[in-house]
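Structure data follow from upload_10.csv (CSV, C-alpha atoms):
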chain,number,residue,atom,x,y,z
A,23,MET,CA,39.9,10.7,-40.2
A,24,GLU,CA,38.0,9.2,-43.0
A,25,ASN,CA,34.9,8.6,-41.0
A,26,LYS,CA,34.9,12.2,-39.9
A,27,HIS,CA,33.5,12.8,-43.3
A,28,ILE,CA,29.7,13.1,-43.2
A,29,HIS,CA,27.9,12.6,-46.5
A,30,ILE,CA,25.6,15.5,-47.3
A,31,THR,CA,23.0,14.3,-49.8
A,32,PRO,CA,22.3,16.9,-52.6
A,33,VAL,CA,18.9,18.5,-52.5
A,34,LYS,CA,18.3,17.3,-56.0
A,35,THR,CA,18.6,13.7,-54.8
A,36,TYR,CA,16.0,14.2,-52.0
A,37,ILE,CA,13.6,15.9,-54.3
A,38,ALA,CA,14.1,13.2,-57.0
A,39,ILE,CA,13.4,10.4,-54.4
A,40,ALA,CA,10.3,12.3,-53.1
A,41,LEU,CA,9.0,12.6,-56.7
A,42,ILE,CA,9.6,8.9,-57.4
A,43,LEU,CA,7.7,8.1,-54.1
A,44,LEU,CA,4.8,10.3,-55.2
A,45,VAL,CA,4.7,8.7,-58.7
A,46,LEU,CA,4.7,5.2,-57.2
A,47,THR,CA,1.9,6.2,-54.9
A,48,VAL,CA,-0.2,7.3,-57.9
A,49,ILE,CA,0.7,4.0,-59.7
A,50,THR,CA,-0.3,1.9,-56.8
A,51,VAL,CA,-3.6,3.6,-56.5
A,52,ALA,CA,-4.2,3.2,-60.2
A,53,VAL,CA,-3.2,-0.4,-60.3
A,54,SER,CA,-5.6,-1.2,-57.4
A,55,PHE,CA,-8.5,-0.4,-59.6
A,56,ILE,CA,-7.5,-2.9,-62.3
A,57,PRO,CA,-8.7,-6.4,-61.3
A,58,LEU,CA,-5.7,-8.7,-61.3
A,59,GLY,CA,-7.0,-11.2,-58.9
A,60,ALA,CA,-4.4,-12.5,-56.5
A,61,PHE,CA,-1.8,-10.3,-58.2
A,62,ASN,CA,-3.2,-7.1,-56.9
A,63,ILE,CA,-1.8,-7.7,-53.4
A,64,SER,CA,1.6,-8.8,-54.9
A,65,VAL,CA,1.8,-5.6,-57.0
A,66,ALA,CA,0.8,-3.4,-54.1
A,67,LEU,CA,3.3,-5.0,-51.7
A,68,ALA,CA,6.1,-4.9,-54.3
A,69,ILE,CA,5.5,-1.1,-54.9
A,70,ALA,CA,5.3,-0.5,-51.2
A,71,SER,CA,8.6,-2.4,-50.7
A,72,VAL,CA,10.3,-0.3,-53.3
A,73,LYS,CA,9.0,2.8,-51.7
A,74,ALA,CA,10.1,1.7,-48.2
A,75,LEU,CA,13.6,0.9,-49.5
A,76,LEU,CA,13.9,4.3,-51.1
A,77,VAL,CA,12.9,5.9,-47.8
A,78,ALA,CA,15.4,3.7,-45.9
A,79,PHE,CA,18.3,4.1,-48.3
A,80,PHE,CA,18.1,7.8,-49.1
A,81,PHE,CA,15.9,9.6,-46.5
A,82,MET,CA,17.4,7.5,-43.7
A,83,HIS,CA,20.8,7.5,-45.3
A,84,LEU,CA,21.4,3.7,-45.1
A,85,PHE,CA,23.0,3.9,-48.6
A,86,TYR,CA,25.7,6.2,-47.3
A,87,ASP,CA,26.0,5.4,-43.6
A,88,ASN,CA,27.9,2.7,-41.8
A,89,LYS,CA,26.6,-0.6,-43.0
A,90,LEU,CA,26.1,-1.7,-39.5
A,91,TYR,CA,22.8,0.2,-39.5
A,92,LEU,CA,21.7,-1.6,-42.6
A,93,VAL,CA,22.4,-4.9,-40.9
A,94,ILE,CA,20.3,-4.0,-38.0
A,95,PHE,CA,17.5,-2.8,-40.3
A,96,GLY,CA,17.8,-6.0,-42.3
A,97,MET,CA,17.6,-8.1,-39.1
A,98,GLY,CA,14.3,-6.5,-38.3
A,99,LEU,CA,13.0,-7.3,-41.8
A,100,LEU,CA,14.4,-10.8,-41.6
A,101,PHE,CA,12.6,-11.7,-38.3
A,102,LEU,CA,9.4,-10.0,-39.5
A,103,THR,CA,9.6,-12.2,-42.6
A,104,ILE,CA,10.1,-15.3,-40.6
A,105,PHE,CA,7.2,-14.4,-38.2
A,106,LEU,CA,4.9,-13.6,-41.1
A,107,THR,CA,5.9,-16.5,-43.4
A,108,LEU,CA,5.6,-19.3,-40.8
A,109,THR,CA,2.4,-17.9,-39.4
A,110,MET,CA,0.9,-17.8,-42.9
A,111,PHE,CA,2.1,-21.3,-43.7
A,112,ASP,CA,0.2,-22.5,-40.6
A,113,THR,CA,-2.9,-20.4,-41.3
A,114,THR,CA,-3.3,-21.2,-44.9
A,115,THR,CA,-2.4,-24.9,-45.0
A,116,ARG,CA,-3.8,-26.2,-41.7
A,117,GLY,CA,-6.9,-27.3,-43.7
A,118,ALA,CA,-4.8,-29.8,-45.6
A,119,ILE,CA,-4.0,-31.7,-42.3
A,120,TYR,CA,-7.4,-31.8,-40.8
A,121,GLU,CA,-10.8,-30.3,-41.4
A,122,GLU,CA,-10.4,-26.6,-41.0
A,123,LYS,CA,-12.5,-25.0,-38.3
A,124,ASN,CA,-12.9,-21.7,-40.1
A,125,ASN,CA,-15.9,-20.6,-38.1
A,126,PRO,CA,-16.9,-17.0,-37.5
A,127,ILE,CA,-16.0,-15.9,-34.0
A,128,LYS,CA,-19.2,-16.5,-32.2
A,129,GLN,CA,-18.7,-14.7,-29.0
A,130,GLU,CA,-19.9,-11.1,-29.2
A,131,ALA,CA,-20.5,-11.6,-32.8
A,132,THR,CA,-24.1,-12.9,-32.7
A,133,MET,CA,-25.4,-9.4,-33.4
A,134,TYR,CA,-24.3,-9.6,-37.0
A,135,ASP,CA,-26.0,-12.9,-37.6
A,136,ASN,CA,-29.2,-11.9,-35.9
A,137,PRO,CA,-29.7,-8.2,-35.1
A,138,ASP,CA,-32.8,-9.0,-33.0
A,139,THR,CA,-30.9,-10.9,-30.4
A,140,SER,CA,-28.0,-8.4,-30.1
A,141,SER,CA,-29.2,-6.8,-26.9
A,142,LYS,CA,-28.2,-8.9,-23.9
B,6,MET,CA,38.2,19.6,-39.4
B,7,THR,CA,40.9,17.8,-37.4
B,8,GLN,CA,40.8,20.5,-34.9
B,9,ALA,CA,37.3,19.5,-33.8
B,10,SER,CA,38.3,16.0,-32.8
B,11,THR,CA,41.2,17.0,-30.6
B,12,ALA,CA,39.4,19.9,-28.8
B,13,HIS,CA,36.7,18.9,-26.4
B,14,PRO,CA,33.3,20.2,-27.8
B,15,GLU,CA,30.6,21.0,-25.3
B,16,HIS,CA,28.2,18.4,-26.7
B,17,LEU,CA,30.7,15.5,-26.3
B,18,GLN,CA,30.0,13.3,-23.3
B,19,HIS,CA,33.1,12.3,-21.4
B,20,HIS,CA,32.6,8.5,-21.9
B,21,PHE,CA,33.0,8.8,-25.6
B,22,ALA,CA,36.4,8.9,-27.3
B,23,ASP,CA,35.3,11.5,-29.8
B,24,ALA,CA,32.2,13.1,-31.3
B,25,GLU,CA,32.2,10.7,-34.2
B,26,GLN,CA,32.0,7.7,-31.8
B,27,GLN,CA,29.2,9.4,-29.9
B,28,ARG,CA,27.3,10.1,-33.1
B,29,GLU,CA,27.7,6.5,-34.3
B,30,SER,CA,26.7,5.1,-31.0
B,31,ALA,CA,23.5,7.2,-30.8
B,32,LYS,CA,22.6,6.2,-34.3
B,33,MET,CA,23.1,2.5,-33.6
B,34,GLY,CA,20.9,2.8,-30.5
B,35,MET,CA,18.3,4.5,-32.6
B,36,TRP,CA,18.4,1.8,-35.3
B,37,VAL,CA,18.0,-0.9,-32.6
B,38,PHE,CA,15.0,1.0,-31.3
B,39,LEU,CA,13.6,1.2,-34.9
B,40,LEU,CA,14.0,-2.5,-35.2
B,41,THR,CA,11.8,-3.0,-32.1
B,42,GLU,CA,9.3,-0.6,-33.8
B,43,ILE,CA,9.3,-2.8,-36.9
B,44,LEU,CA,8.6,-5.8,-34.8
B,45,LEU,CA,5.9,-4.0,-32.8
B,46,PHE,CA,4.0,-3.2,-36.0
B,47,GLY,CA,5.0,-6.6,-37.3
B,48,GLY,CA,2.6,-8.2,-34.8
B,49,LEU,CA,-0.2,-6.2,-36.3
B,50,PHE,CA,0.8,-7.0,-39.8
B,51,VAL,CA,0.7,-10.7,-39.0
B,52,ALA,CA,-2.7,-10.3,-37.4
B,53,TYR,CA,-3.8,-8.6,-40.6
B,54,GLY,CA,-2.4,-11.5,-42.7
B,55,ILE,CA,-4.2,-14.1,-40.7
B,56,PHE,CA,-7.6,-12.3,-40.8
B,57,ARG,CA,-7.3,-11.5,-44.4
B,58,ALA,CA,-6.5,-15.1,-45.2
B,59,TRP,CA,-9.6,-16.2,-43.2
B,60,TYR,CA,-12.0,-13.6,-44.6
B,61,PRO,CA,-10.7,-12.5,-48.0
B,62,ASP,CA,-14.2,-11.5,-49.3
B,63,MET,CA,-15.2,-9.7,-46.2
B,64,PHE,CA,-11.9,-7.7,-46.3
B,65,TYR,CA,-12.6,-6.8,-49.9
B,66,ASN,CA,-16.2,-5.7,-49.1
B,67,ALA,CA,-15.2,-3.8,-45.9
B,68,HIS,CA,-12.3,-1.9,-47.4
B,69,LYS,CA,-14.7,-0.2,-49.8
B,70,PHE,CA,-15.9,1.8,-46.9
B,71,LEU,CA,-12.5,3.5,-46.5
B,72,ASP,CA,-12.0,6.7,-48.4
B,73,VAL,CA,-9.2,6.0,-51.0
B,74,ARG,CA,-9.1,9.7,-51.8
B,75,LEU,CA,-8.3,10.7,-48.2
B,76,GLY,CA,-5.9,7.8,-47.9
B,77,THR,CA,-4.0,8.9,-51.0
B,78,ILE,CA,-3.9,12.5,-49.8
B,79,ASN,CA,-2.5,11.4,-46.5
B,80,THR,CA,0.1,9.3,-48.2
B,81,ILE,CA,1.2,12.3,-50.2
B,82,VAL,CA,1.2,14.5,-47.1
B,83,LEU,CA,3.4,12.0,-45.2
B,84,ILE,CA,5.9,11.5,-48.1
B,85,THR,CA,6.2,15.3,-48.4
B,86,SER,CA,6.7,15.6,-44.7
B,87,SER,CA,9.5,13.0,-44.9
B,88,LEU,CA,11.1,15.2,-47.6
B,89,THR,CA,11.0,18.4,-45.5
B,90,MET,CA,12.3,16.4,-42.5
B,91,ALA,CA,15.3,15.2,-44.6
B,92,LEU,CA,15.9,18.8,-45.8
B,93,ALA,CA,15.7,20.1,-42.3
B,94,ILE,CA,18.6,17.8,-41.3
B,95,ARG,CA,20.5,18.7,-44.5
B,96,SER,CA,20.2,22.4,-43.8
B,97,MET,CA,21.7,21.9,-40.4
B,98,GLN,CA,24.6,19.9,-41.9
B,99,GLU,CA,25.3,23.1,-43.8
B,100,ASN,CA,24.8,25.3,-40.7
B,101,LYS,CA,21.7,27.0,-42.2
B,102,LYS,CA,19.7,27.3,-39.0
B,103,GLY,CA,16.9,29.4,-40.6
B,104,GLN,CA,16.2,26.8,-43.3
B,105,THR,CA,16.2,24.0,-40.7
B,106,ILE,CA,13.5,25.9,-38.7
B,107,ILE,CA,11.4,26.5,-41.8
B,108,HIS,CA,11.6,22.8,-42.8
B,109,LEU,CA,10.8,21.6,-39.3
B,110,ILE,CA,7.8,23.9,-39.1
B,111,LEU,CA,6.7,22.6,-42.6
B,112,THR,CA,7.1,19.0,-41.3
B,113,LEU,CA,5.0,19.8,-38.3
B,114,MET,CA,2.2,21.3,-40.5
B,115,PHE,CA,2.2,18.2,-42.7
B,116,ALA,CA,2.0,16.0,-39.6
B,117,LEU,CA,-0.9,18.0,-38.3
B,118,ALA,CA,-2.6,17.9,-41.7
B,119,PHE,CA,-2.2,14.1,-41.6
B,120,LEU,CA,-3.9,13.9,-38.2
B,121,VAL,CA,-6.7,16.3,-39.1
B,122,ILE,CA,-7.5,14.1,-42.2
B,123,LYS,CA,-7.4,11.1,-39.9
B,124,TYR,CA,-9.7,12.8,-37.5
B,125,PHE,CA,-12.3,13.3,-40.2
B,126,GLU,CA,-12.0,9.7,-41.3
B,127,TYR,CA,-12.3,8.4,-37.7
B,128,SER,CA,-15.3,10.6,-36.9
B,129,HIS,CA,-17.1,9.4,-40.1
B,130,LYS,CA,-16.5,5.8,-39.1
B,131,ILE,CA,-17.6,6.4,-35.5
B,132,GLU,CA,-20.8,8.0,-36.9
B,133,MET,CA,-21.4,5.0,-39.2
B,134,GLY,CA,-20.8,2.6,-36.3
B,135,GLN,CA,-17.8,1.1,-38.2
B,136,LEU,CA,-16.0,0.4,-34.9
B,137,PRO,CA,-13.9,-2.4,-33.6
B,138,GLY,CA,-15.2,-5.5,-31.8
B,139,LYS,CA,-18.6,-5.3,-30.1
B,140,LEU,CA,-18.9,-1.5,-30.7
B,141,TYR,CA,-19.5,-2.3,-34.3
B,142,THR,CA,-23.1,-1.6,-35.3
B,143,PHE,CA,-22.8,-1.0,-39.1
B,144,THR,CA,-24.8,-3.4,-41.2
B,145,GLY,CA,-23.7,-2.5,-44.8
B,146,VAL,CA,-20.8,-4.9,-45.2
B,147,GLU,CA,-21.3,-8.3,-46.7
B,148,GLY,CA,-19.5,-11.3,-45.3
B,149,SER,CA,-18.9,-12.7,-41.9
B,150,ASN,CA,-17.4,-10.8,-39.0
B,151,PRO,CA,-16.9,-7.4,-40.7
B,152,HIS,CA,-16.0,-5.9,-37.3
B,153,ILE,CA,-12.7,-7.7,-37.5
B,154,PHE,CA,-11.6,-5.5,-40.5
B,155,PHE,CA,-12.4,-2.4,-38.5
B,156,SER,CA,-10.7,-3.8,-35.4
B,157,VAL,CA,-7.5,-4.3,-37.5
B,158,TYR,CA,-8.0,-0.9,-39.2
B,159,PHE,CA,-8.3,1.0,-35.9
B,160,ALA,CA,-5.5,-1.0,-34.2
B,161,MET,CA,-3.0,-0.4,-37.1
B,162,THR,CA,-3.9,3.2,-37.9
B,163,GLY,CA,-4.4,4.0,-34.3
B,164,LEU,CA,-0.9,2.8,-33.3
B,165,HIS,CA,0.5,4.6,-36.3
B,166,GLY,CA,-1.4,7.8,-35.3
B,167,ILE,CA,0.1,7.7,-31.8
B,168,HIS,CA,3.5,7.5,-33.5
B,169,VAL,CA,2.7,10.5,-35.6
B,170,LEU,CA,1.7,12.4,-32.5
B,171,LEU,CA,4.9,11.4,-30.7
B,172,GLY,CA,6.8,12.4,-33.8
B,173,MET,CA,5.3,15.8,-33.6
B,174,VAL,CA,6.3,16.1,-29.9
B,175,THR,CA,9.9,15.3,-30.8
B,176,ILE,CA,9.9,17.6,-33.8
B,177,ILE,CA,8.7,20.4,-31.5
B,178,TRP,CA,11.5,19.5,-29.0
B,179,VAL,CA,14.2,19.6,-31.7
B,180,LEU,CA,12.7,22.8,-33.1
B,181,ARG,CA,13.0,24.4,-29.7
B,182,ARG,CA,16.6,23.3,-29.4
B,183,THR,CA,17.4,24.5,-33.0
B,184,ILE,CA,16.0,27.9,-32.1
B,185,LYS,CA,18.1,27.9,-28.9
B,186,ASN,CA,21.2,27.4,-31.0
B,187,ASN,CA,21.9,23.9,-29.5
B,188,PHE,CA,22.8,22.5,-32.9
B,189,SER,CA,25.4,23.1,-35.6
B,190,SER,CA,26.9,21.2,-38.5
B,191,GLU,CA,29.2,19.7,-35.8
B,192,TYR,CA,26.4,18.4,-33.6
B,193,TYR,CA,22.8,17.7,-34.6
B,194,THR,CA,22.3,14.2,-33.4
B,195,PRO,CA,18.8,14.7,-31.8
B,196,LEU,CA,17.7,16.2,-35.1
B,197,GLU,CA,19.0,13.2,-37.0
B,198,MET,CA,17.3,10.7,-34.6
B,199,THR,CA,14.0,12.5,-34.9
B,200,GLY,CA,14.4,12.3,-38.7
B,201,LEU,CA,15.0,8.6,-38.5
B,202,TYR,CA,11.9,8.1,-36.4
B,203,TRP,CA,9.8,10.2,-38.6
B,204,HIS,CA,10.9,8.3,-41.8
B,205,LEU,CA,10.0,5.1,-40.1
B,206,VAL,CA,6.5,6.4,-39.4
B,207,ASP,CA,6.3,7.3,-43.0
B,208,MET,CA,7.6,3.9,-44.0
B,209,ILE,CA,4.9,2.1,-42.0
B,210,TRP,CA,2.2,4.2,-43.5
B,211,ILE,CA,3.6,3.2,-47.0
B,212,PHE,CA,2.5,-0.4,-46.1
B,213,LEU,CA,-0.7,0.4,-44.2
B,214,PHE,CA,-2.1,2.4,-47.1
B,215,PRO,CA,-2.2,-0.3,-49.8
B,216,LEU,CA,-3.1,-3.0,-47.2
B,217,LEU,CA,-6.1,-1.2,-45.9
B,218,TYR,CA,-7.3,1.2,-48.6
B,219,LEU,CA,-6.3,-0.6,-51.8
B,220,ILE,CA,-7.5,-4.2,-51.5
B,221,GLY,CA,-7.8,-5.1,-55.2
Whole structure given in structure tokens:
Amino acid sequence: MENKHIHITPVKTYIAIALILLVLTVITVAVSFIPLGAFNISVALAIASVKALLVAFFFMHLFYDNKLYLVIFGMGLLFLTIFLTLTMFDTTTRGAIYEEKNNPIKQEATMYDNPDTSSK
Amino acid sequence: MTQASTAHPEHLQHHFADAEQQRESAKMGMWVFLLTEILLFGGLFVAYGIFRAWYPDMFYNAHKFLDVRLGTINTIVLITSSLTMALAIRSMQENKKGQTIIHLILTLMFALAFLVIKYFEYSHKIEMGQLPGKLYTFTGVEGSNPHIFFSVYFAMTGLHGIHVLLGMVTIIWVLRRTIKNNFSSEYYTPLEMTGLYWHLVDMIWIFLFPLLYLIG
């Protein structure tokens, strides 16, 4: 009978979460205009992650619901992280193994190098 | 409350033991679907990562041609729509049908506002020739292969836009069913599923916005 109980989130909580999300949006825009070098992307992604987790935990009820849903959500994030991390390892460190062929994509791209020859 | 589980409510499919099991199953199915959505967008996020790693300066130069103001407004619009969606479900949990309808209509309006703003952004870019791949004719971006940034931009925001559109269709569907008295505090699963989908669309935008508009 216990699981018959459905948690009803108070309106206050929803509004508080929305306000935090809006404040974080303003912060992330403001921070993006401060040059922090490589940290800009880290700060932006950290803020975005906090916002996404707030949405998942409160708007999507993961905080109150059966934790099975949290596990499924976490699986998605885990495999996305593996996908992203391993690909970025490859992309950013291949140059250490052999000379990196970081050439512009030539096909269909000649028009940017030389506008005169863009027409076929 | 115990009465509801022993009786046989109309919305309960015969292959489920009780309404609670049906609800939980639907929700699990929805979360598995959302997982595939995360991985669908995941491919685009990985593509973004690769191209940004290859052309960091070009990405920085090209992103200046996106309108941060419109992007911020759209973020606020989408977050607010997530709030009204959550409140729509909450109202149904308390059997307040009128409030649910109002919140669903508000959510629809915000979704529409998002797409209208997106439309203005897109038409501006089409005018400027900031288009993907070989359609790209703009010359104002410094760095090699600036068309790649706009390919990534259109692919990511385009797929997201399609999701907003589909979200609107499902919101209209649950709005219709709400008006037809299909839902109550005992049964509102389609409403809840639509909400989960809508929040995911919001969540993806939360990442798209800084990655595309706010490259520091």
Considering only C-alpha atoms, tabulate each residue of chain B that lies at most 8 Å from chain A along with its nearest interatomic pair and the corresponding distance in Å to one decimal; arrange the rows by chain and ascending residue number and present them as CSV.
residue,atom,partner,partner_atom,distance
B:Thr7,CA,A:Met23,CA,7.7
B:Glu25,CA,A:Lys26,CA,6.5
B:Lys32,CA,A:Tyr91,CA,7.9
B:Met33,CA,A:Tyr91,CA,6.3
B:Trp36,CA,A:Tyr91,CA,6.3
B:Val37,CA,A:Ile94,CA,6.6
B:Leu39,CA,A:Phe95,CA,7.8
B:Leu40,CA,A:Gly98,CA,5.1
B:Thr41,CA,A:Gly98,CA,7.5
B:Ile43,CA,A:Gly98,CA,6.4
B:Leu44,CA,A:Leu102,CA,6.4
B:Gly47,CA,A:Leu102,CA,6.0
B:Phe50,CA,A:Leu106,CA,7.9
B:Val51,CA,A:Leu106,CA,5.5
B:Gly54,CA,A:Met110,CA,7.1
B:Ile55,CA,A:Thr113,CA,6.5
B:Ala58,CA,A:Thr114,CA,6.9
B:Trp59,CA,A:Asn124,CA,7.1
B:Thr77,CA,A:Thr47,CA,7.6
B:Thr80,CA,A:Thr47,CA,7.6
B:Ile81,CA,A:Leu44,CA,6.5
B:Ile84,CA,A:Ala40,CA,6.7
B:Thr85,CA,A:Ala40,CA,6.9
B:Ser87,CA,A:Phe81,CA,7.4
B:Leu88,CA,A:Ala40,CA,6.3
B:Ala91,CA,A:Phe81,CA,5.9
B:Leu92,CA,A:Val33,CA,7.3
B:Arg95,CA,A:Ile30,CA,6.6
B:Gln98,CA,A:Ile30,CA,7.0
B:Gly138,CA,A:Glu130,CA,7.8
B:Lys139,CA,A:Glu130,CA,6.0
B:Thr144,CA,A:Tyr134,CA,7.5
B:Ser149,CA,A:Pro126,CA,6.5
B:Asn150,CA,A:Pro126,CA,6.4
B:Gly200,CA,A:Met82,CA,7.6
B:Leu201,CA,A:Met82,CA,5.8
B:His204,CA,A:Val77,CA,6.8
B:Met208,CA,A:Ala74,CA,5.4
B:Ile211,CA,A:Ala70,CA,5.8
B:Phe212,CA,A:Ala70,CA,5.8
B:Pro215,CA,A:Ala66,CA,6.1
B:Leu216,CA,A:Ile63,CA,7.9
B:Leu219,CA,A:Ser54,CA,5.7
B:Ile220,CA,A:Ser54,CA,6.9
B:Gly221,CA,A:Ser54,CA,5.0
Exercise for the section: Record the distance separating CA of Gln104 (chain B) and CA of Ser30 (chain B), expressed in Å with one decimal. Expected result: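 So the two atoms, CA of Gln104 (chain B) and CA of Ser30 (chain B), lie 27.1 Å apart.
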Practice task
Measuring atom to atom with all atoms listed in the file, identify which of B:Val169, B:Leu140, B:Phe159, B:Asn100 is nearest to Met114 (chain B).
Solution key: B:Val169
Handout entry: Sel. within 10 Å of pt (20.0, 12.5, -32.0), counting all atoms listed in the file, output as a ChimeraX atom specification
Key = /B:27-28,31-32,34-35,179,192-201
Problem - Selection near Val157 (chain B), 10 Å with all atoms listed in the file, sequence-local residues under 3 positions removed, as a list in words - result: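 Listing them by chain and then by number gives Leu49, Phe50, Ala52, Tyr53, Phe56, Arg57, Pro137, Gly138, His152, Ile153, Phe154, Ala160, Met161, Thr162, Gly163 and Leu217 of chain B.
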